[in-house]
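Participant: Input file: start26.tsv. Contents: TSV, C-alpha atoms and all ligand atoms.
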```
chain	number	residue	atom	x	y	z
A	1	MET	CA	0.00	0.00	0.00
A	2	ASN	CA	1.26	3.51	-0.81
A	3	ARG	CA	1.64	5.57	2.35
A	4	PRO	CA	1.45	9.31	1.79
A	5	ILE	CA	4.55	11.26	2.82
A	6	ARG	CA	3.54	13.31	5.86
A	7	SER	CA	5.10	16.59	6.96
A	8	TYR	CA	5.09	15.43	10.59
A	9	VAL	CA	5.88	12.48	12.80
A	10	LEU	CA	3.49	12.22	15.71
A	11	ARG	CA	5.61	12.51	18.83
A	12	GLN	CA	4.58	10.66	21.94
A	13	GLY	CA	5.10	13.92	23.90
A	14	ARG	CA	3.52	14.02	27.33
A	15	THR	CA	-0.04	15.24	27.46
A	16	THR	CA	-0.73	17.00	30.77
A	17	PRO	CA	-3.95	16.19	32.64
A	18	ALA	CA	-5.25	19.70	31.76
A	19	GLN	CA	-4.54	19.17	28.05
A	20	LYS	CA	-6.16	15.72	28.17
A	21	ARG	CA	-9.26	17.14	29.83
A	22	ALA	CA	-9.41	19.91	27.24
A	23	LEU	CA	-9.21	17.39	24.39
A	24	GLU	CA	-12.10	15.45	25.89
A	25	GLU	CA	-14.31	18.23	27.24
A	26	LEU	CA	-13.50	21.35	25.22
A	27	PHE	CA	-12.98	19.87	21.77
A	28	PRO	CA	-16.76	19.39	21.34
A	29	LYS	CA	-17.16	23.11	22.15
A	30	TYR	CA	-14.27	24.73	20.26
A	31	GLY	CA	-13.03	22.01	17.92
A	32	ILE	CA	-14.19	21.13	14.43
A	33	PRO	CA	-14.02	17.41	13.60
A	34	PHE	CA	-12.42	16.57	10.26
A	35	SER	CA	-15.08	15.95	7.60
A	36	ASP	CA	-15.91	16.72	3.98
A	37	GLN	CA	-18.05	19.69	5.00
A	38	LYS	CA	-16.76	23.08	3.94
A	39	ILE	CA	-16.25	25.64	6.72
A	40	ALA	CA	-18.62	28.56	6.31
A	41	SER	CA	-17.93	32.11	7.45
A	42	SER	CA	-19.51	35.38	6.39
A	43	ARG	CA	-16.42	37.22	7.70
A	44	LYS	CA	-12.74	37.13	6.86
A	45	LEU	CA	-11.56	33.55	7.30
A	46	VAL	CA	-7.93	32.83	8.23
A	47	LEU	CA	-6.40	29.34	8.37
A	48	GLU	CA	-3.24	28.63	10.36
A	49	ILE	CA	-1.26	25.53	9.50
A	50	GLY	CA	0.70	23.92	12.36
A	51	SER	CA	-0.30	26.18	15.25
A	52	GLY	CA	1.97	24.32	17.73
A	53	MET	CA	1.14	25.31	21.30
A	54	GLY	CA	-1.09	28.08	19.93
A	55	GLU	CA	0.14	31.18	21.81
A	56	THR	CA	0.62	33.18	18.61
A	57	THR	CA	-2.65	31.93	17.17
A	58	LEU	CA	-4.47	33.09	20.28
A	59	ALA	CA	-2.79	36.53	20.27
A	60	ILE	CA	-3.69	37.14	16.60
A	61	ALA	CA	-7.30	36.00	17.05
A	62	LYS	CA	-7.69	38.24	20.11
A	63	ALA	CA	-6.30	41.23	18.20
A	64	HIS	CA	-8.69	40.64	15.26
A	65	PRO	CA	-12.21	40.09	16.55
A	66	GLU	CA	-13.50	41.06	13.08
A	67	ALA	CA	-12.14	37.84	11.51
A	68	ASP	CA	-12.63	34.10	12.05
A	69	PHE	CA	-9.58	31.90	12.65
A	70	VAL	CA	-9.15	28.17	12.23
A	71	ALA	CA	-5.98	26.60	13.66
A	72	VAL	CA	-4.94	23.22	12.29
A	73	GLU	CA	-2.52	21.07	14.30
A	74	VAL	CA	-1.87	17.34	14.64
A	75	HIS	CA	-0.02	17.42	17.95
A	76	GLY	CA	-2.46	16.57	20.79
A	77	PRO	CA	-0.81	18.54	23.63
A	78	GLY	CA	-0.72	21.68	21.43
A	79	VAL	CA	-4.39	21.29	20.52
A	80	GLY	CA	-5.24	20.75	24.22
A	81	SER	CA	-3.34	23.88	25.27
A	82	LEU	CA	-5.05	26.01	22.65
A	83	LEU	CA	-8.50	24.69	23.62
A	84	ASN	CA	-7.79	25.63	27.25
A	85	ALA	CA	-6.68	29.11	26.18
A	86	ILE	CA	-9.83	29.65	24.07
A	87	GLU	CA	-11.97	28.69	27.08
A	88	ARG	CA	-9.97	30.93	29.44
A	89	GLU	CA	-10.24	33.92	27.09
A	90	GLN	CA	-13.79	33.10	25.98
A	91	LEU	CA	-12.79	33.68	22.36
A	92	ALA	CA	-15.64	33.39	19.90
A	93	ASN	CA	-13.58	33.68	16.69
A	94	LEU	CA	-11.08	30.81	16.99
A	95	ARG	CA	-11.69	27.12	16.30
A	96	VAL	CA	-9.28	24.16	16.17
A	97	ILE	CA	-9.00	21.16	13.86
A	98	ARG	CA	-6.80	18.22	14.89
A	99	HIS	CA	-5.88	16.74	11.54
A	100	ASP	CA	-3.39	16.91	8.66
A	101	ALA	CA	-3.63	20.46	7.30
A	102	LEU	CA	-3.26	19.30	3.70
A	103	ASP	CA	-6.43	17.21	3.98
A	104	VAL	CA	-8.16	20.10	5.75
A	105	LEU	CA	-7.26	22.53	2.95
A	106	GLU	CA	-8.37	20.07	0.29
A	107	HIS	CA	-11.64	18.93	1.86
A	108	MET	CA	-12.86	21.53	4.35
A	109	ILE	CA	-11.95	24.81	2.68
A	110	ALA	CA	-13.86	26.09	-0.35
A	111	ASP	CA	-11.83	27.43	-3.26
A	112	GLY	CA	-11.39	31.20	-3.12
A	113	SER	CA	-12.60	31.48	0.48
A	114	LEU	CA	-9.58	32.40	2.65
A	115	ALA	CA	-8.46	35.93	3.54
A	116	ALA	CA	-5.13	34.49	4.67
A	117	ILE	CA	-3.12	31.35	5.30
A	118	HIS	CA	-0.54	31.45	8.10
A	119	LEU	CA	2.38	29.01	8.03
A	120	PHE	CA	4.70	29.97	10.86
A	121	PHE	CA	7.90	27.95	11.37
A	122	PRO	CA	6.84	24.73	9.66
A	123	ASP	CA	9.04	21.73	10.48
A	124	PRO	CA	12.25	22.43	8.53
A	125	TRP	CA	13.27	18.81	7.85
A	126	PRO	CA	16.88	19.95	7.42
A	127	LYS	CA	18.36	16.68	6.09
A	128	LYS	CA	18.32	16.47	2.31
A	129	ARG	CA	16.76	13.00	2.31
A	130	HIS	CA	13.86	14.43	4.36
A	131	HIS	CA	13.18	17.45	2.13
A	132	LYS	CA	10.26	15.60	0.56
A	133	ARG	CA	8.51	15.86	3.95
A	134	ARG	CA	8.56	19.65	3.90
A	135	MET	CA	5.10	21.22	3.80
A	136	VAL	CA	6.09	23.70	1.10
A	137	GLN	CA	6.18	21.90	-2.25
A	138	PRO	CA	4.81	23.07	-5.62
A	139	SER	CA	1.59	21.08	-5.01
A	140	PHE	CA	1.12	22.86	-1.65
A	141	ALA	CA	1.64	26.30	-3.26
A	142	ALA	CA	-0.98	25.50	-5.91
A	143	LEU	CA	-3.47	24.18	-3.34
A	144	ALA	CA	-2.95	27.14	-0.98
A	145	ALA	CA	-3.29	29.68	-3.82
A	146	ARG	CA	-6.53	28.06	-5.02
A	147	LYS	CA	-8.05	28.33	-1.53
A	148	LEU	CA	-7.22	32.04	-1.13
A	149	LYS	CA	-9.58	34.81	-2.22
A	150	HIS	CA	-8.18	37.16	-4.85
A	151	GLY	CA	-5.77	39.35	-2.87
A	152	GLY	CA	-5.75	36.83	0.02
A	153	ILE	CA	-2.38	36.54	1.79
A	154	LEU	CA	-0.06	33.56	2.16
A	155	HIS	CA	2.16	34.45	5.10
A	156	ALA	CA	5.02	32.08	5.94
A	157	ALA	CA	8.00	32.43	8.27
A	158	THR	CA	11.03	30.25	8.93
A	159	ASP	CA	14.38	30.37	10.72
A	160	TRP	CA	16.06	27.93	8.28
A	161	PRO	CA	17.76	29.89	5.47
A	162	ASP	CA	17.67	27.08	2.92
A	163	TYR	CA	13.99	26.41	3.60
A	164	ALA	CA	13.33	30.16	3.16
A	165	GLU	CA	15.08	30.05	-0.22
A	166	HIS	CA	13.11	26.97	-1.20
A	167	MET	CA	9.81	28.63	-0.17
A	168	GLN	CA	10.70	31.78	-2.08
A	169	GLU	CA	11.42	29.76	-5.21
A	170	VAL	CA	8.32	27.55	-4.95
A	171	PHE	CA	5.91	30.42	-4.19
A	172	SER	CA	7.44	32.63	-6.92
A	173	LYS	CA	6.92	29.89	-9.51
A	174	GLU	CA	3.24	29.40	-8.65
A	175	PRO	CA	1.29	31.34	-11.31
A	176	LEU	CA	-1.60	32.17	-8.95
A	177	LEU	CA	0.71	33.88	-6.42
A	178	GLU	CA	2.52	37.21	-6.48
A	179	SER	CA	4.70	38.89	-3.91
A	180	ALA	CA	2.72	40.94	-1.35
A	181	PRO	CA	3.79	44.09	0.50
A	182	ALA	CA	2.27	43.18	3.87
A	183	GLY	CA	0.46	40.44	5.75
A	184	PHE	CA	-3.07	40.27	7.04
A	185	THR	CA	-1.75	40.97	10.53
A	186	SER	CA	1.54	41.67	12.19
A	187	ARG	CA	2.91	38.48	13.71
A	188	PRO	CA	3.66	38.07	17.41
A	189	VAL	CA	6.80	35.99	18.10
A	190	THR	CA	6.04	32.24	18.11
A	191	LYS	CA	7.50	29.59	20.41
A	192	PHE	CA	9.66	28.08	17.67
A	193	GLU	CA	10.75	31.51	16.54
A	194	SER	CA	12.14	32.37	20.00
A	195	ARG	CA	13.98	29.04	19.99
A	196	GLY	CA	15.44	29.92	16.56
A	197	GLN	CA	16.42	33.37	17.84
A	198	ARG	CA	18.19	31.85	20.85
A	199	LEU	CA	20.18	29.67	18.45
A	200	GLY	CA	21.09	32.75	16.42
A	201	HIS	CA	19.04	31.73	13.36
A	202	PRO	CA	17.95	34.54	11.02
A	203	ILE	CA	14.16	34.87	10.73
A	204	ARG	CA	12.72	35.16	7.22
A	205	GLU	CA	9.19	36.31	6.49
A	206	LEU	CA	7.59	35.37	3.15
A	207	LEU	CA	4.54	37.27	1.96
A	208	PHE	CA	2.60	36.38	-1.16
A	209	ARG	CA	-0.95	37.02	-2.28
A	210	ARG	CA	-3.36	35.46	-4.70
A	211	ALA	CA	-2.87	37.26	-7.97
A	212	GLY	CA	-5.57	38.63	-10.22
A	213	LYS	CA	-8.74	40.58	-9.68
A	214	ALA	CA	-11.90	39.21	-8.10
A	215	PRO	CA	-14.54	38.43	-10.73
A	216	ALA	CA	-16.93	41.42	-11.11
A	217	ALA	CA	-20.16	41.02	-9.13
A	218	ARG	CA	-23.17	40.31	-11.37
B	301	LIG	C1	8.08	23.62	14.25
B	301	LIG	S1	6.44	23.58	14.84
B	301	LIG	C2	5.93	25.30	14.82
B	301	LIG	C3	4.74	25.57	15.67
B	301	LIG	C4	4.29	27.04	15.75
B	301	LIG	N1	3.80	27.51	14.48
B	301	LIG	C5	5.42	27.91	16.27
B	301	LIG	O1	6.00	28.67	15.47
B	301	LIG	O2	5.71	27.83	17.47
B	301	LIG	C6	5.54	22.93	13.45
B	301	LIG	C7	4.16	22.41	13.83
B	301	LIG	O3	3.46	22.01	12.65
B	301	LIG	C8	2.71	20.84	12.95
B	301	LIG	N2	2.46	20.15	11.67
B	301	LIG	C9	3.38	19.63	10.83
B	301	LIG	N3	2.80	19.11	9.74
B	301	LIG	C10	1.45	19.32	9.90
B	301	LIG	C11	0.32	18.98	9.11
B	301	LIG	N4	0.46	18.35	7.94
B	301	LIG	N5	-0.89	19.33	9.56
B	301	LIG	C12	-1.03	19.98	10.76
B	301	LIG	N6	0.00	20.31	11.55
B	301	LIG	C13	1.24	19.98	11.13
B	301	LIG	C14	3.59	20.07	13.91
B	301	LIG	O4	2.85	19.16	14.71
B	301	LIG	C15	4.20	21.20	14.75
B	301	LIG	O5	3.43	21.49	15.89
```
Mind turning this structure into structure tokens?
Facilitator:
Amino acid sequence: MNRPIRSYVLRQGRTTPAQKRALEELFPKYGIPFSDQKIASSRKLVLEIGSGMGETTLAIAKAHPEADFVAVEVHGPGVGSLLNAIEREQLANLRVIRHDALDVLEHMIADGSLAAIHLFFPDPWPKKRHHKRRMVQPSFAALAARKLKHGGILHAATDWPDYAEHMQEVFSKEPLLESAPAGFTSRPVTKFESRGQRLGHPIRELLFRRAGKAPAAR
């Protein structure tokens, strides 16, 4: 059987009792189970891929009550932490999906529906033989571009220079994307970013937007 190449390996990291309780009790309230149903929003809809422990996700959603945010993450403890934070802050505009973000983009997001996609510090997979596991590939750029509204922003960041170069090349070659002057939001420092900074890694921000004009309203 062909196994798809995944951009993650599920770590057996410890789930704290609070995270476990959140996964059981808060997921029904603030989570969205994976399905084939498209997510509907009459407001700006922003998807974050790989939200990790979710601190940055939470800060952005709090700062933008006018938009709806969906965080996608496969790592249970991270999902549990974010669910607890949503409950603590009583945030009405942030929901979480615990599933592979590529499947979520493909099946749960309508074409042309996203105001922005956030991809902050995706796993760098630094070894050459692991590069095929990197999230950013030409097929990802095409899928992400198709899901953005015209003018919608693809905002990525990384602390791995060769991954930044790879992203720049892949996004630049995607015909539906063009370079963008600014993101949908400014980006608070993420957990992995501060780790990169401590190690002296340079931080690169990549900003693209879906090219072309929206079709005229009829
Ligand atoms: C290096 S961490 C960065 C987390 C966070 N964005 C930050 O900057 O602190 C990358 C995260 O992406 C998640 N991830 C990797 N591939 C994914 C996928 N296909 N779908 C959803 N999450 C994924 C991992 O579980 C991990 O939490």
Participant: Residues at most 8 Å from Arg98 of chain A, counting only C-alpha atoms, excluding those fewer than 6 positions away in the same chain, as a list in words?
Facilitator: Gly31, Ile32, Pro33, Phe34, Val72, Glu73, Val74, His75, Gly76 and Val79 of chain A
Participant: Give, as JSON, the centre coordinates and the x, y and z edge lengths in Å to one decimal for an axis-aligned box around all listed atoms of ligand LIG 301 (chain B), padded by 4 Å on each side.
Facilitator:
```
{"center_x": 3.5, "center_y": 23.5, "center_z": 12.7, "size_x": 17.1, "size_y": 18.3, "size_z": 17.5}
```
Participant: Atom C6 of ligand LIG 301 (chain B) and atom CA of Tyr163 of chain A, how far apart in Å?
Facilitator: 13.4 Å
Participant: Out of A:Ala63, A:Ala141, A:Ala164, A:Leu10, which residue has the shortest atom-to-atom distance to ligand LIG 301 (chain B) when counting only C-alpha atoms and all ligand atoms?
Facilitator: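 Among the listed residues, A:Leu10 lies closest to ligand LIG 301 (chain B).
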Participant: Counting all atoms listed in the file, name the residues that have an atom within 7 Å of an atom of ligand LIG 301 (chain B); the answer should be given as a PyMOL selection string.
Facilitator: chain A and resi 6-8+49-54+72-75+78+99-102+119-123+135+190-193
Participant: For atom CA of Thr158 of chain A and atom CA of Arg204 of chain A, determine how far apart the two atoms are, in Å to one decimal place.
Facilitator: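 Atom CA of Arg204 of chain A lies 5.5 Å from atom CA of Thr158 of chain A.
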Participant: Could you give me, as a PyMOL selection string, the residues that sit within 9 Å of (-11.7, 34.9, 14.4) in the file's coordinates, counting all atoms listed in the file?
Facilitator: chain A and resi 43-46+60-62+64-70+91-95
Participant: Write out as an NGL selection string each polymer residue whose atoms come within 9 Å of Leu105 of chain A, counting all atoms listed in the file; drop sequence neighbours fewer than 4 positions from it.
Facilitator: :A and (47 or 100-101 or 109-110 or 143-144 or 147)
Participant: Pick out the closest residue to Glu25 of chain A from this set: A:Glu87, A:Ile97, A:Ser41, A:Leu58. Count only C-alpha atoms.
Facilitator: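 When distances to Glu25 of chain A are compared using only C-alpha atoms, the smallest one comes from A:Glu87.
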Participant: Hey, which of A:Val96, A:Pro161, A:Ala142, A:Asp36 ends up closest to Pro126 of chain A? Count all atoms listed in the file.
Facilitator: A:Pro161
Participant: Counting all atoms listed in the file, write as a list in words all protein and nucleic acid residues lying at most 10 Å from (2.3, 34.6, -4.4) in the file's frame.
Facilitator: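 Residues with an atom close enough to that point: Ala141, Ala142, Ala144, Ala145, Gly151, Gly152, Ile153, Leu154, His155, Gln168, Val170, Phe171, Ser172, Lys173, Glu174, Pro175, Leu176, Leu177, Glu178, Ser179, Ala180, Leu206, Leu207, Phe208, Arg209, Arg210 and Ala211 of chain A.
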Participant: For atom CA of Glu205 of chain A and atom CA of Leu114 of chain A, determine how far apart the two atoms are, in Å to one decimal place.
Facilitator: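 Separation between atom CA of Glu205 of chain A and atom CA of Leu114 of chain A: 19.6 Å.
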Participant: Between A:Gly212, A:Pro188, A:Pro77, A:Gly183, single out the one closest to Ala115 of chain A, counting only C-alpha atoms.
Facilitator: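 With only C-alpha atoms as the atom set, the closest residue is A:Gly183.
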Participant: Restricting the calculation to all atoms listed in the file, which member of A:Gly13, A:Met167, A:Phe140, A:Ser186 is positioned closest to Asp103 of chain A?
Facilitator: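 Closest candidate: A:Phe140.
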Participant: Any chance you could turn segment 160-182 of chain A into a file with C-alpha atoms, as a compact mmCIF listing (two decimals), in the first residue's frame?
Facilitator:
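Wrote it out as out.txt, contents follow:
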```
# COMPACT_ATOMS: atom_id res chain seq x y z
CA TRP A 160 16.06 27.93 8.28
CA PRO A 161 17.76 29.89 5.47
CA ASP A 162 17.67 27.08 2.92
CA TYR A 163 13.99 26.41 3.60
CA ALA A 164 13.33 30.16 3.16
CA GLU A 165 15.08 30.05 -0.22
CA HIS A 166 13.11 26.97 -1.20
CA MET A 167 9.81 28.63 -0.17
CA GLN A 168 10.70 31.78 -2.08
CA GLU A 169 11.42 29.76 -5.21
CA VAL A 170 8.32 27.55 -4.95
CA PHE A 171 5.91 30.42 -4.19
CA SER A 172 7.44 32.63 -6.92
CA LYS A 173 6.92 29.89 -9.51
CA GLU A 174 3.24 29.40 -8.65
CA PRO A 175 1.29 31.34 -11.31
CA LEU A 176 -1.60 32.17 -8.95
CA LEU A 177 0.71 33.88 -6.42
CA GLU A 178 2.52 37.21 -6.48
CA SER A 179 4.70 38.89 -3.91
CA ALA A 180 2.72 40.94 -1.35
CA PRO A 181 3.79 44.09 0.50
CA ALA A 182 2.27 43.18 3.87
```
